[in-house]
>>> print(open('data.cif').read())   # mmCIF, N, CA and C atoms
data_input
#
loop_
_atom_site.label_atom_id
_atom_site.label_comp_id
_atom_site.auth_asym_id
_atom_site.auth_seq_id
_atom_site.Cartn_x
_atom_site.Cartn_y
_atom_site.Cartn_z
N MET Q 21 -10.45 9.50 1.84
CA MET Q 21 -8.99 9.46 1.85
C MET Q 21 -8.55 8.30 0.96
N ILE Q 22 -7.48 8.52 0.23
CA ILE Q 22 -6.89 7.50 -0.64
C ILE Q 22 -5.70 6.87 0.08
N ALA Q 23 -5.61 5.53 0.00
CA ALA Q 23 -4.46 4.82 0.54
C ALA Q 23 -3.71 4.18 -0.62
N LEU Q 24 -2.41 3.97 -0.42
CA LEU Q 24 -1.57 3.36 -1.46
C LEU Q 24 -1.11 1.98 -1.02
N ASP Q 25 -1.25 1.03 -1.92
CA ASP Q 25 -0.79 -0.34 -1.68
C ASP Q 25 0.70 -0.43 -1.98
N THR Q 26 1.29 -1.49 -1.52
CA THR Q 26 2.72 -1.74 -1.67
C THR Q 26 3.21 -1.61 -3.10
N ASN Q 27 2.48 -2.20 -4.05
CA ASN Q 27 3.00 -2.21 -5.42
C ASN Q 27 3.15 -0.81 -5.99
N ILE Q 28 2.28 0.11 -5.62
CA ILE Q 28 2.41 1.50 -6.09
C ILE Q 28 3.69 2.11 -5.52
N LEU Q 29 3.95 1.83 -4.24
CA LEU Q 29 5.16 2.35 -3.59
C LEU Q 29 6.43 1.78 -4.24
N VAL Q 30 6.41 0.48 -4.50
CA VAL Q 30 7.57 -0.17 -5.13
C VAL Q 30 7.80 0.38 -6.53
N TYR Q 31 6.76 0.48 -7.33
CA TYR Q 31 6.91 1.00 -8.69
C TYR Q 31 7.41 2.44 -8.69
N ALA Q 32 6.92 3.25 -7.74
CA ALA Q 32 7.36 4.64 -7.67
C ALA Q 32 8.83 4.75 -7.28
N HIS Q 33 9.29 3.82 -6.48
CA HIS Q 33 10.67 3.85 -6.00
C HIS Q 33 11.67 3.25 -6.99
N ARG Q 34 11.32 2.11 -7.56
CA ARG Q 34 12.27 1.38 -8.41
C ARG Q 34 12.22 1.90 -9.84
N GLU Q 35 13.30 2.57 -10.25
CA GLU Q 35 13.38 3.13 -11.61
C GLU Q 35 13.39 2.05 -12.68
N ASP Q 36 13.72 0.82 -12.32
CA ASP Q 36 13.72 -0.27 -13.29
C ASP Q 36 12.34 -0.90 -13.47
N SER Q 37 11.35 -0.39 -12.77
CA SER Q 37 9.98 -0.89 -12.94
C SER Q 37 9.39 -0.34 -14.22
N PRO Q 38 8.65 -1.17 -14.97
CA PRO Q 38 8.01 -0.65 -16.19
C PRO Q 38 6.92 0.39 -15.88
N PHE Q 39 6.46 0.44 -14.64
CA PHE Q 39 5.42 1.39 -14.24
C PHE Q 39 5.99 2.57 -13.45
N HIS Q 40 7.32 2.69 -13.40
CA HIS Q 40 7.95 3.69 -12.56
C HIS Q 40 7.48 5.12 -12.85
N THR Q 41 7.54 5.54 -14.07
CA THR Q 41 7.23 6.93 -14.41
C THR Q 41 5.82 7.30 -13.96
N LYS Q 42 4.86 6.45 -14.27
CA LYS Q 42 3.47 6.73 -13.91
C LYS Q 42 3.27 6.70 -12.39
N ALA Q 43 3.84 5.69 -11.73
CA ALA Q 43 3.68 5.57 -10.28
C ALA Q 43 4.40 6.71 -9.56
N PHE Q 44 5.58 7.08 -10.03
CA PHE Q 44 6.33 8.17 -9.42
C PHE Q 44 5.55 9.47 -9.52
N SER Q 45 5.01 9.75 -10.70
CA SER Q 45 4.23 10.98 -10.90
C SER Q 45 2.99 10.99 -10.00
N LEU Q 46 2.31 9.86 -9.91
CA LEU Q 46 1.13 9.75 -9.06
C LEU Q 46 1.48 10.01 -7.60
N LEU Q 47 2.52 9.36 -7.12
CA LEU Q 47 2.91 9.51 -5.72
C LEU Q 47 3.38 10.93 -5.43
N LYS Q 48 4.09 11.53 -6.36
CA LYS Q 48 4.53 12.92 -6.20
C LYS Q 48 3.32 13.85 -6.10
N GLU Q 49 2.35 13.66 -6.98
CA GLU Q 49 1.15 14.49 -6.97
C GLU Q 49 0.38 14.33 -5.66
N ILE Q 50 0.20 13.09 -5.22
CA ILE Q 50 -0.55 12.83 -3.99
C ILE Q 50 0.19 13.40 -2.78
N SER Q 51 1.49 13.15 -2.70
CA SER Q 51 2.24 13.56 -1.51
C SER Q 51 2.41 15.08 -1.42
N GLU Q 52 2.34 15.77 -2.54
CA GLU Q 52 2.47 17.22 -2.53
C GLU Q 52 1.14 17.94 -2.43
N SER Q 53 0.06 17.18 -2.47
CA SER Q 53 -1.28 17.75 -2.36
C SER Q 53 -1.60 18.05 -0.89
N LYS Q 54 -2.58 18.89 -0.68
CA LYS Q 54 -3.04 19.17 0.68
C LYS Q 54 -4.06 18.13 1.13
N ALA Q 55 -4.56 17.32 0.20
CA ALA Q 55 -5.55 16.30 0.54
C ALA Q 55 -4.90 15.17 1.34
N SER Q 56 -5.64 14.67 2.31
CA SER Q 56 -5.14 13.56 3.12
C SER Q 56 -4.97 12.31 2.27
N TRP Q 57 -3.90 11.58 2.54
CA TRP Q 57 -3.65 10.30 1.89
C TRP Q 57 -3.02 9.40 2.93
N ALA Q 58 -2.93 8.10 2.61
CA ALA Q 58 -2.49 7.17 3.64
C ALA Q 58 -1.65 6.03 3.06
N ILE Q 59 -0.83 5.49 3.95
CA ILE Q 59 -0.11 4.24 3.69
C ILE Q 59 -0.35 3.35 4.91
N PRO Q 60 -0.95 2.17 4.71
CA PRO Q 60 -1.06 1.23 5.83
C PRO Q 60 0.34 0.76 6.23
N TYR Q 61 0.58 0.67 7.54
CA TYR Q 61 1.89 0.21 8.01
C TYR Q 61 2.33 -1.10 7.37
N PRO Q 62 1.44 -2.10 7.21
CA PRO Q 62 1.91 -3.34 6.56
C PRO Q 62 2.45 -3.11 5.15
N CYS Q 63 1.94 -2.11 4.44
CA CYS Q 63 2.45 -1.81 3.10
C CYS Q 63 3.84 -1.21 3.17
N LEU Q 64 4.08 -0.41 4.18
CA LEU Q 64 5.42 0.16 4.38
C LEU Q 64 6.42 -0.96 4.68
N HIS Q 65 6.02 -1.88 5.54
CA HIS Q 65 6.89 -3.03 5.88
C HIS Q 65 7.16 -3.88 4.64
N GLU Q 66 6.10 -4.14 3.88
CA GLU Q 66 6.24 -4.98 2.69
C GLU Q 66 7.08 -4.28 1.63
N PHE Q 67 6.94 -2.96 1.50
CA PHE Q 67 7.77 -2.20 0.58
C PHE Q 67 9.24 -2.47 0.87
N TYR Q 68 9.62 -2.32 2.14
CA TYR Q 68 11.01 -2.53 2.54
C TYR Q 68 11.46 -3.95 2.22
N ALA Q 69 10.62 -4.93 2.56
CA ALA Q 69 10.98 -6.33 2.33
C ALA Q 69 11.18 -6.63 0.85
N ILE Q 70 10.37 -6.04 -0.01
CA ILE Q 70 10.46 -6.31 -1.45
C ILE Q 70 11.66 -5.61 -2.08
N VAL Q 71 11.81 -4.31 -1.86
CA VAL Q 71 12.86 -3.58 -2.57
C VAL Q 71 14.26 -3.95 -2.12
N THR Q 72 14.39 -4.49 -0.92
CA THR Q 72 15.72 -4.88 -0.43
C THR Q 72 16.02 -6.36 -0.65
N HIS Q 73 15.11 -7.08 -1.30
CA HIS Q 73 15.24 -8.53 -1.49
C HIS Q 73 16.04 -8.84 -2.76
N ALA Q 74 17.18 -9.48 -2.60
CA ALA Q 74 18.08 -9.76 -3.73
C ALA Q 74 17.49 -10.75 -4.74
N LYS Q 75 16.53 -11.56 -4.35
CA LYS Q 75 15.91 -12.49 -5.30
C LYS Q 75 14.80 -11.83 -6.10
N ILE Q 76 14.41 -10.63 -5.70
CA ILE Q 76 13.37 -9.90 -6.44
C ILE Q 76 14.00 -8.85 -7.34
N PHE Q 77 14.98 -8.11 -6.82
CA PHE Q 77 15.66 -7.07 -7.59
C PHE Q 77 17.15 -7.31 -7.60
N ASN Q 78 17.74 -7.16 -8.78
CA ASN Q 78 19.18 -7.30 -8.93
C ASN Q 78 19.71 -6.05 -9.61
N PRO Q 79 20.34 -5.17 -8.89
CA PRO Q 79 20.63 -5.23 -7.46
C PRO Q 79 19.44 -4.76 -6.64
N PRO Q 80 19.34 -5.22 -5.40
CA PRO Q 80 18.27 -4.74 -4.52
C PRO Q 80 18.58 -3.30 -4.08
N THR Q 81 17.57 -2.63 -3.61
CA THR Q 81 17.76 -1.30 -3.04
C THR Q 81 18.57 -1.46 -1.75
N PRO Q 82 19.65 -0.69 -1.58
CA PRO Q 82 20.38 -0.74 -0.30
C PRO Q 82 19.44 -0.37 0.85
N ILE Q 83 19.64 -1.01 1.99
CA ILE Q 83 18.70 -0.78 3.09
C ILE Q 83 18.65 0.69 3.53
N GLU Q 84 19.76 1.37 3.48
CA GLU Q 84 19.77 2.79 3.85
C GLU Q 84 18.90 3.60 2.89
N SER Q 85 18.97 3.26 1.61
CA SER Q 85 18.17 3.97 0.60
C SER Q 85 16.68 3.68 0.77
N ALA Q 86 16.35 2.46 1.15
CA ALA Q 86 14.95 2.12 1.39
C ALA Q 86 14.40 2.96 2.54
N PHE Q 87 15.18 3.08 3.61
CA PHE Q 87 14.74 3.92 4.74
C PHE Q 87 14.66 5.38 4.35
N GLU Q 88 15.60 5.86 3.55
CA GLU Q 88 15.56 7.25 3.08
C GLU Q 88 14.30 7.50 2.27
N GLN Q 89 13.91 6.53 1.44
CA GLN Q 89 12.69 6.68 0.65
C GLN Q 89 11.47 6.77 1.56
N MET Q 90 11.37 5.86 2.52
CA MET Q 90 10.22 5.88 3.42
C MET Q 90 10.18 7.18 4.22
N GLU Q 91 11.33 7.64 4.68
CA GLU Q 91 11.38 8.90 5.43
C GLU Q 91 10.97 10.08 4.56
N ALA Q 92 11.28 10.04 3.28
CA ALA Q 92 10.86 11.11 2.37
C ALA Q 92 9.33 11.15 2.28
N TRP Q 93 8.70 9.97 2.18
CA TRP Q 93 7.23 9.94 2.16
C TRP Q 93 6.66 10.47 3.46
N LEU Q 94 7.31 10.13 4.57
CA LEU Q 94 6.80 10.54 5.89
C LEU Q 94 6.85 12.06 6.08
N GLU Q 95 7.63 12.74 5.26
CA GLU Q 95 7.71 14.20 5.34
C GLU Q 95 6.46 14.88 4.80
N SER Q 96 5.63 14.17 4.07
CA SER Q 96 4.41 14.76 3.53
C SER Q 96 3.46 15.08 4.69
N PRO Q 97 3.11 16.36 4.87
CA PRO Q 97 2.25 16.73 6.01
C PRO Q 97 0.84 16.16 5.91
N SER Q 98 0.42 15.73 4.73
CA SER Q 98 -0.93 15.21 4.58
C SER Q 98 -1.00 13.68 4.67
N LEU Q 99 0.14 13.02 4.92
CA LEU Q 99 0.19 11.56 5.03
C LEU Q 99 -0.29 11.09 6.39
N HIS Q 100 -1.08 10.02 6.36
CA HIS Q 100 -1.51 9.33 7.57
C HIS Q 100 -1.02 7.89 7.46
N LEU Q 101 -0.30 7.43 8.47
CA LEU Q 101 0.10 6.02 8.54
C LEU Q 101 -1.00 5.28 9.27
N LEU Q 102 -1.44 4.18 8.68
CA LEU Q 102 -2.59 3.46 9.22
C LEU Q 102 -2.19 2.13 9.84
N GLY Q 103 -2.75 1.86 10.99
CA GLY Q 103 -2.51 0.59 11.67
C GLY Q 103 -3.80 0.04 12.24
N GLU Q 104 -3.68 -1.08 12.91
CA GLU Q 104 -4.83 -1.72 13.52
C GLU Q 104 -5.36 -0.88 14.67
N ALA Q 105 -6.68 -0.89 14.84
CA ALA Q 105 -7.34 -0.20 15.95
C ALA Q 105 -8.35 -1.19 16.54
N PRO Q 106 -9.11 -0.78 17.56
CA PRO Q 106 -9.98 -1.73 18.27
C PRO Q 106 -10.92 -2.59 17.40
N ARG Q 107 -11.50 -2.07 16.35
CA ARG Q 107 -12.44 -2.85 15.52
C ARG Q 107 -11.74 -3.71 14.47
N TYR Q 108 -10.43 -3.65 14.40
CA TYR Q 108 -9.69 -4.33 13.34
C TYR Q 108 -10.02 -5.82 13.24
N PHE Q 109 -9.93 -6.55 14.35
CA PHE Q 109 -10.14 -8.00 14.28
C PHE Q 109 -11.54 -8.33 13.82
N GLU Q 110 -12.53 -7.58 14.28
CA GLU Q 110 -13.92 -7.80 13.87
C GLU Q 110 -14.08 -7.64 12.35
N ILE Q 111 -13.50 -6.60 11.80
CA ILE Q 111 -13.58 -6.35 10.36
C ILE Q 111 -12.81 -7.43 9.60
N LEU Q 112 -11.61 -7.75 10.06
CA LEU Q 112 -10.79 -8.78 9.41
C LEU Q 112 -11.51 -10.12 9.38
N LYS Q 113 -12.06 -10.52 10.49
CA LYS Q 113 -12.79 -11.80 10.56
C LYS Q 113 -13.94 -11.82 9.57
N GLN Q 114 -14.71 -10.73 9.52
CA GLN Q 114 -15.85 -10.65 8.61
C GLN Q 114 -15.40 -10.77 7.16
N LYS Q 115 -14.34 -10.07 6.79
CA LYS Q 115 -13.84 -10.11 5.41
C LYS Q 115 -13.31 -11.50 5.05
N MET Q 116 -12.60 -12.11 5.98
CA MET Q 116 -12.00 -13.42 5.70
C MET Q 116 -13.06 -14.52 5.61
N LEU Q 117 -14.07 -14.46 6.49
CA LEU Q 117 -15.14 -15.46 6.42
C LEU Q 117 -16.00 -15.26 5.18
N ALA Q 118 -16.35 -14.01 4.88
CA ALA Q 118 -17.20 -13.72 3.72
C ALA Q 118 -16.53 -14.16 2.42
N GLY Q 119 -15.23 -13.94 2.32
CA GLY Q 119 -14.51 -14.29 1.10
C GLY Q 119 -13.86 -15.66 1.13
N LYS Q 120 -14.03 -16.37 2.26
CA LYS Q 120 -13.38 -17.68 2.44
C LYS Q 120 -11.88 -17.57 2.12
N LEU Q 121 -11.27 -16.54 2.67
CA LEU Q 121 -9.88 -16.21 2.35
C LEU Q 121 -8.91 -17.02 3.20
N GLN Q 122 -7.81 -17.39 2.57
CA GLN Q 122 -6.73 -18.08 3.26
C GLN Q 122 -5.43 -17.84 2.51
N GLY Q 123 -4.33 -18.29 3.07
CA GLY Q 123 -3.04 -18.14 2.41
C GLY Q 123 -2.66 -16.68 2.21
N ALA Q 124 -2.12 -16.38 1.04
CA ALA Q 124 -1.61 -15.03 0.75
C ALA Q 124 -2.71 -13.97 0.77
N LYS Q 125 -3.95 -14.36 0.59
CA LYS Q 125 -5.04 -13.38 0.58
C LYS Q 125 -5.31 -12.80 1.97
N VAL Q 126 -4.78 -13.44 3.02
CA VAL Q 126 -4.93 -12.91 4.37
C VAL Q 126 -4.28 -11.54 4.47
N HIS Q 127 -3.12 -11.37 3.84
CA HIS Q 127 -2.44 -10.07 3.85
C HIS Q 127 -3.33 -9.01 3.20
N ASP Q 128 -3.95 -9.34 2.08
CA ASP Q 128 -4.83 -8.38 1.41
C ASP Q 128 -6.03 -8.03 2.29
N ALA Q 129 -6.59 -9.03 2.96
CA ALA Q 129 -7.71 -8.77 3.87
C ALA Q 129 -7.28 -7.86 5.01
N ARG Q 130 -6.05 -8.03 5.45
CA ARG Q 130 -5.50 -7.17 6.51
C ARG Q 130 -5.45 -5.72 6.04
N ILE Q 131 -4.95 -5.50 4.83
CA ILE Q 131 -4.86 -4.14 4.29
C ILE Q 131 -6.26 -3.52 4.17
N VAL Q 132 -7.20 -4.28 3.60
CA VAL Q 132 -8.57 -3.79 3.44
C VAL Q 132 -9.17 -3.45 4.80
N SER Q 133 -9.00 -4.32 5.78
CA SER Q 133 -9.57 -4.09 7.12
C SER Q 133 -8.98 -2.85 7.78
N ILE Q 134 -7.69 -2.68 7.66
CA ILE Q 134 -7.04 -1.48 8.21
C ILE Q 134 -7.57 -0.22 7.53
N CYS Q 135 -7.71 -0.28 6.22
CA CYS Q 135 -8.23 0.88 5.48
C CYS Q 135 -9.66 1.20 5.89
N ILE Q 136 -10.52 0.20 5.96
CA ILE Q 136 -11.92 0.43 6.32
C ILE Q 136 -12.02 1.05 7.71
N GLN Q 137 -11.31 0.49 8.67
CA GLN Q 137 -11.43 1.01 10.05
C GLN Q 137 -10.89 2.41 10.19
N ASN Q 138 -10.05 2.85 9.24
CA ASN Q 138 -9.46 4.19 9.30
C ASN Q 138 -10.11 5.17 8.33
N GLY Q 139 -11.24 4.79 7.75
CA GLY Q 139 -12.00 5.72 6.92
C GLY Q 139 -11.48 5.94 5.52
N VAL Q 140 -10.68 5.02 5.00
CA VAL Q 140 -10.20 5.12 3.62
C VAL Q 140 -11.35 4.80 2.68
N SER Q 141 -11.52 5.61 1.64
CA SER Q 141 -12.59 5.37 0.68
C SER Q 141 -12.10 4.70 -0.60
N LEU Q 142 -10.78 4.77 -0.86
CA LEU Q 142 -10.23 4.24 -2.10
C LEU Q 142 -8.81 3.76 -1.86
N LEU Q 143 -8.51 2.56 -2.34
CA LEU Q 143 -7.15 2.01 -2.28
C LEU Q 143 -6.60 1.92 -3.69
N TYR Q 144 -5.49 2.59 -3.93
CA TYR Q 144 -4.80 2.47 -5.21
C TYR Q 144 -3.91 1.24 -5.16
N SER Q 145 -4.14 0.32 -6.09
CA SER Q 145 -3.35 -0.91 -6.16
C SER Q 145 -3.44 -1.49 -7.56
N SER Q 146 -2.38 -2.18 -7.96
CA SER Q 146 -2.44 -2.91 -9.23
C SER Q 146 -2.65 -4.40 -8.98
N ASP Q 147 -2.92 -4.77 -7.74
CA ASP Q 147 -3.15 -6.15 -7.35
C ASP Q 147 -4.64 -6.48 -7.50
N ARG Q 148 -4.97 -7.34 -8.45
CA ARG Q 148 -6.37 -7.68 -8.71
C ARG Q 148 -6.99 -8.56 -7.62
N ASP Q 149 -6.18 -9.14 -6.75
CA ASP Q 149 -6.72 -9.98 -5.68
C ASP Q 149 -7.60 -9.19 -4.71
N PHE Q 150 -7.38 -7.89 -4.61
CA PHE Q 150 -8.20 -7.07 -3.72
C PHE Q 150 -9.65 -7.06 -4.16
N ASN Q 151 -9.92 -7.26 -5.43
CA ASN Q 151 -11.28 -7.25 -5.93
C ASN Q 151 -12.12 -8.39 -5.36
N LYS Q 152 -11.48 -9.38 -4.77
CA LYS Q 152 -12.20 -10.51 -4.17
C LYS Q 152 -12.64 -10.22 -2.75
N ILE Q 153 -12.28 -9.03 -2.24
CA ILE Q 153 -12.61 -8.65 -0.87
C ILE Q 153 -13.55 -7.44 -0.93
N ALA Q 154 -14.79 -7.64 -0.51
CA ALA Q 154 -15.80 -6.58 -0.59
C ALA Q 154 -15.58 -5.54 0.49
N GLY Q 155 -16.06 -4.34 0.22
CA GLY Q 155 -16.11 -3.32 1.25
C GLY Q 155 -15.22 -2.11 1.04
N LEU Q 156 -14.34 -2.15 0.05
CA LEU Q 156 -13.45 -1.03 -0.20
C LEU Q 156 -13.27 -0.88 -1.71
N LYS Q 157 -13.38 0.33 -2.20
CA LYS Q 157 -13.18 0.57 -3.62
C LYS Q 157 -11.69 0.47 -3.93
N ILE Q 158 -11.36 -0.33 -4.95
CA ILE Q 158 -9.99 -0.53 -5.38
C ILE Q 158 -9.86 0.01 -6.80
N GLN Q 159 -8.78 0.72 -7.06
CA GLN Q 159 -8.56 1.28 -8.40
C GLN Q 159 -7.10 1.15 -8.76
N ASN Q 160 -6.84 0.72 -10.00
CA ASN Q 160 -5.48 0.69 -10.51
C ASN Q 160 -5.22 1.98 -11.26
N PRO Q 161 -4.46 2.90 -10.67
CA PRO Q 161 -4.20 4.19 -11.31
C PRO Q 161 -3.15 4.13 -12.41
N LEU Q 162 -2.57 2.95 -12.63
CA LEU Q 162 -1.49 2.84 -13.59
C LEU Q 162 -1.96 2.42 -14.99
N ILE Q 163 -3.25 2.11 -15.11
CA ILE Q 163 -3.76 1.72 -16.45
C ILE Q 163 -4.76 2.74 -16.95
#
>>> encode(input="data.cif", output="structure tokens")
Amino acid sequence: MIALDTNILVYAHREDSPFHTKAFSLLKEISESKASWAIPYPCLHEFYAIVTHAKIFNPPTPIESAFEQMEAWLESPSLHLLGEAPRYFEILKQKMLAGKLQGAKVHDARIVSICIQNGVSLLYSSDRDFNKIAGLKIQNPLI
């Protein structure tokens, strides 16, 4: 199963993104496919926080539009929303200790741990920091 990181969601949503066309096409193809795909809940939360933030986007996405976008993704019958499960803390601890992760990289370790425990084989992301966390294949579909 393929999971999508926050940046892919933001690029697909924000038409002013230089990666919008490619990310939008990718997300449309994945969401309309019969193959299972996933969004970790923290990525959905982060998507909302980023697109509605006035210091990041001028103008920011109106909050109603951000929710409409997320609800549109949720309509895909092949989408799985991923969250923490019983083995989550064990996996997170192992990833953080192995990579000596701290600060902002904790969020990335959280995403990787959630994906691993839910059987994700590939995470689409343009964030190179994920490459510092072993155990999950990361691919940037935008290049």
>>> resolve_selection(input="data.cif", expression="the PyMOL selection byres ((chain Q and resi 29-45) around 8)", output="ChimeraX atom specification")
/Q:24-28,46-51,63,66-68,70-71,89,144,161-162
>>> select_by_dssp(input="data.cif", residues="region 83-116 of chain Q", states="helix (DSSP H, G or I)", output="VMD selection string")
chain Q and resid 83 to 94 108 to 116
>>> resolve_selection(input="data.cif", expression="the PyMOL selection byres ((chain Q and resi 140) around 8)", output="list in words")
Met21, Ile22, Ala23, Ala58, Ile134, Cys135, Ile136, Gln137, Asn138, Gly139, Ser141, Leu142, Leu143, Leu156 and Lys157 of chain Q
>>> axis_aligned_box(input="data.cif", around="region 54-58 of chain Q", padding_each_side="8 Å", output="JSON")
{"center_x": -3.6, "center_y": 12.6, "center_z": 1.5, "size_x": 20.0, "size_y": 29.1, "size_z": 20.3}
>>> residues_near_point(input="data.cif", point="(-3.9, -4.9, 2.9)", cutoff="9 Å", atoms="only C-alpha atoms", output="list in words")
Asp25, Thr26, Pro60, Pro62, Cys63, Lys125, Val126, His127, Asp128, Ala129, Arg130, Ile131, Val132, Ser133, Ile134, Cys135 and Phe150 of chain Q
>>> write_last_selection(input="data.cif", atoms="N, CA and C atoms", output="mmCIF file, keeping the file's coordinate frame")
data_model
loop_
_atom_site.group_PDB
_atom_site.id
_atom_site.type_symbol
_atom_site.label_atom_id
_atom_site.label_comp_id
_atom_site.auth_asym_id
_atom_site.auth_seq_id
_atom_site.Cartn_x
_atom_site.Cartn_y
_atom_site.Cartn_z
ATOM 1 N N ASP Q 25 -1.250 1.030 -1.920
ATOM 2 C CA ASP Q 25 -0.790 -0.340 -1.680
ATOM 3 C C ASP Q 25 0.700 -0.430 -1.980
ATOM 4 N N THR Q 26 1.290 -1.490 -1.520
ATOM 5 C CA THR Q 26 2.720 -1.740 -1.670
ATOM 6 C C THR Q 26 3.210 -1.610 -3.100
ATOM 7 N N PRO Q 60 -0.950 2.170 4.710
ATOM 8 C CA PRO Q 60 -1.060 1.230 5.830
ATOM 9 C C PRO Q 60 0.340 0.760 6.230
ATOM 10 N N PRO Q 62 1.440 -2.100 7.210
ATOM 11 C CA PRO Q 62 1.910 -3.340 6.560
ATOM 12 C C PRO Q 62 2.450 -3.110 5.150
ATOM 13 N N CYS Q 63 1.940 -2.110 4.440
ATOM 14 C CA CYS Q 63 2.450 -1.810 3.100
ATOM 15 C C CYS Q 63 3.840 -1.210 3.170
ATOM 16 N N LYS Q 125 -3.950 -14.360 0.590
ATOM 17 C CA LYS Q 125 -5.040 -13.380 0.580
ATOM 18 C C LYS Q 125 -5.310 -12.800 1.970
ATOM 19 N N VAL Q 126 -4.780 -13.440 3.020
ATOM 20 C CA VAL Q 126 -4.930 -12.910 4.370
ATOM 21 C C VAL Q 126 -4.280 -11.540 4.470
ATOM 22 N N HIS Q 127 -3.120 -11.370 3.840
ATOM 23 C CA HIS Q 127 -2.440 -10.070 3.850
ATOM 24 C C HIS Q 127 -3.330 -9.010 3.200
ATOM 25 N N ASP Q 128 -3.950 -9.340 2.080
ATOM 26 C CA ASP Q 128 -4.830 -8.380 1.410
ATOM 27 C C ASP Q 128 -6.030 -8.030 2.290
ATOM 28 N N ALA Q 129 -6.590 -9.030 2.960
ATOM 29 C CA ALA Q 129 -7.710 -8.770 3.870
ATOM 30 C C ALA Q 129 -7.280 -7.860 5.010
ATOM 31 N N ARG Q 130 -6.050 -8.030 5.450
ATOM 32 C CA ARG Q 130 -5.500 -7.170 6.510
ATOM 33 C C ARG Q 130 -5.450 -5.720 6.040
ATOM 34 N N ILE Q 131 -4.950 -5.500 4.830
ATOM 35 C CA ILE Q 131 -4.860 -4.140 4.290
ATOM 36 C C ILE Q 131 -6.260 -3.520 4.170
ATOM 37 N N VAL Q 132 -7.200 -4.280 3.600
ATOM 38 C CA VAL Q 132 -8.570 -3.790 3.440
ATOM 39 C C VAL Q 132 -9.170 -3.450 4.800
ATOM 40 N N SER Q 133 -9.000 -4.320 5.780
ATOM 41 C CA SER Q 133 -9.570 -4.090 7.120
ATOM 42 C C SER Q 133 -8.980 -2.850 7.780
ATOM 43 N N ILE Q 134 -7.690 -2.680 7.660
ATOM 44 C CA ILE Q 134 -7.040 -1.480 8.210
ATOM 45 C C ILE Q 134 -7.570 -0.220 7.530
ATOM 46 N N CYS Q 135 -7.710 -0.280 6.220
ATOM 47 C CA CYS Q 135 -8.230 0.880 5.480
ATOM 48 C C CYS Q 135 -9.660 1.200 5.890
ATOM 49 N N PHE Q 150 -7.380 -7.890 -4.610
ATOM 50 C CA PHE Q 150 -8.200 -7.070 -3.720
ATOM 51 C C PHE Q 150 -9.650 -7.060 -4.160
#
>>> closest_residue(input="data.cif", among="Q:Ala154, Q:Tyr61, Q:Pro79, Q:Ile163", to="His100 (chain Q)", atoms="only C-alpha atoms")
Q:Tyr61
>>> atom_distance(input="data.cif", atom1="CA of Ala55 (chain Q)", atom2="atom N of Gln159 (chain Q)")
17.6 Å
>>> decode(input="data.cif", residues="region 83-107 of chain Q", atoms="C-alpha atoms", output="short mmCIF file (atom, residue, chain, number, x, y, z; two decimals), in the first residue's frame")
data_model
loop_
_atom_site.label_atom_id
_atom_site.label_comp_id
_atom_site.auth_asym_id
_atom_site.auth_seq_id
_atom_site.Cartn_x
_atom_site.Cartn_y
_atom_site.Cartn_z
CA ILE Q 83 -10.95 26.63 6.64
CA GLU Q 84 -14.20 25.47 5.03
CA SER Q 85 -12.34 24.79 1.77
CA ALA Q 86 -9.64 22.84 3.60
CA PHE Q 87 -12.31 20.60 5.15
CA GLU Q 88 -14.05 20.22 1.78
CA GLN Q 89 -10.75 19.08 0.28
CA MET Q 90 -10.14 16.51 3.01
CA GLU Q 91 -13.73 15.25 2.72
CA ALA Q 92 -13.26 14.84 -1.04
CA TRP Q 93 -10.24 12.60 -0.42
CA LEU Q 94 -12.22 10.63 2.18
CA GLU Q 95 -14.76 9.77 -0.52
CA SER Q 96 -12.22 7.51 -2.22
CA PRO Q 97 -13.38 3.95 -1.42
CA SER Q 98 -9.80 2.65 -1.55
CA LEU Q 99 -8.44 5.17 1.02
CA HIS Q 100 -7.28 4.00 4.43
CA LEU Q 101 -6.69 6.55 7.19
CA LEU Q 102 -3.81 5.41 9.36
CA GLY Q 103 -3.30 6.00 13.05
CA GLU Q 104 -1.39 4.62 15.97
CA ALA Q 105 -2.03 1.01 17.02
CA PRO Q 106 -0.65 -1.17 19.85
CA ARG Q 107 2.90 -1.61 18.42
#
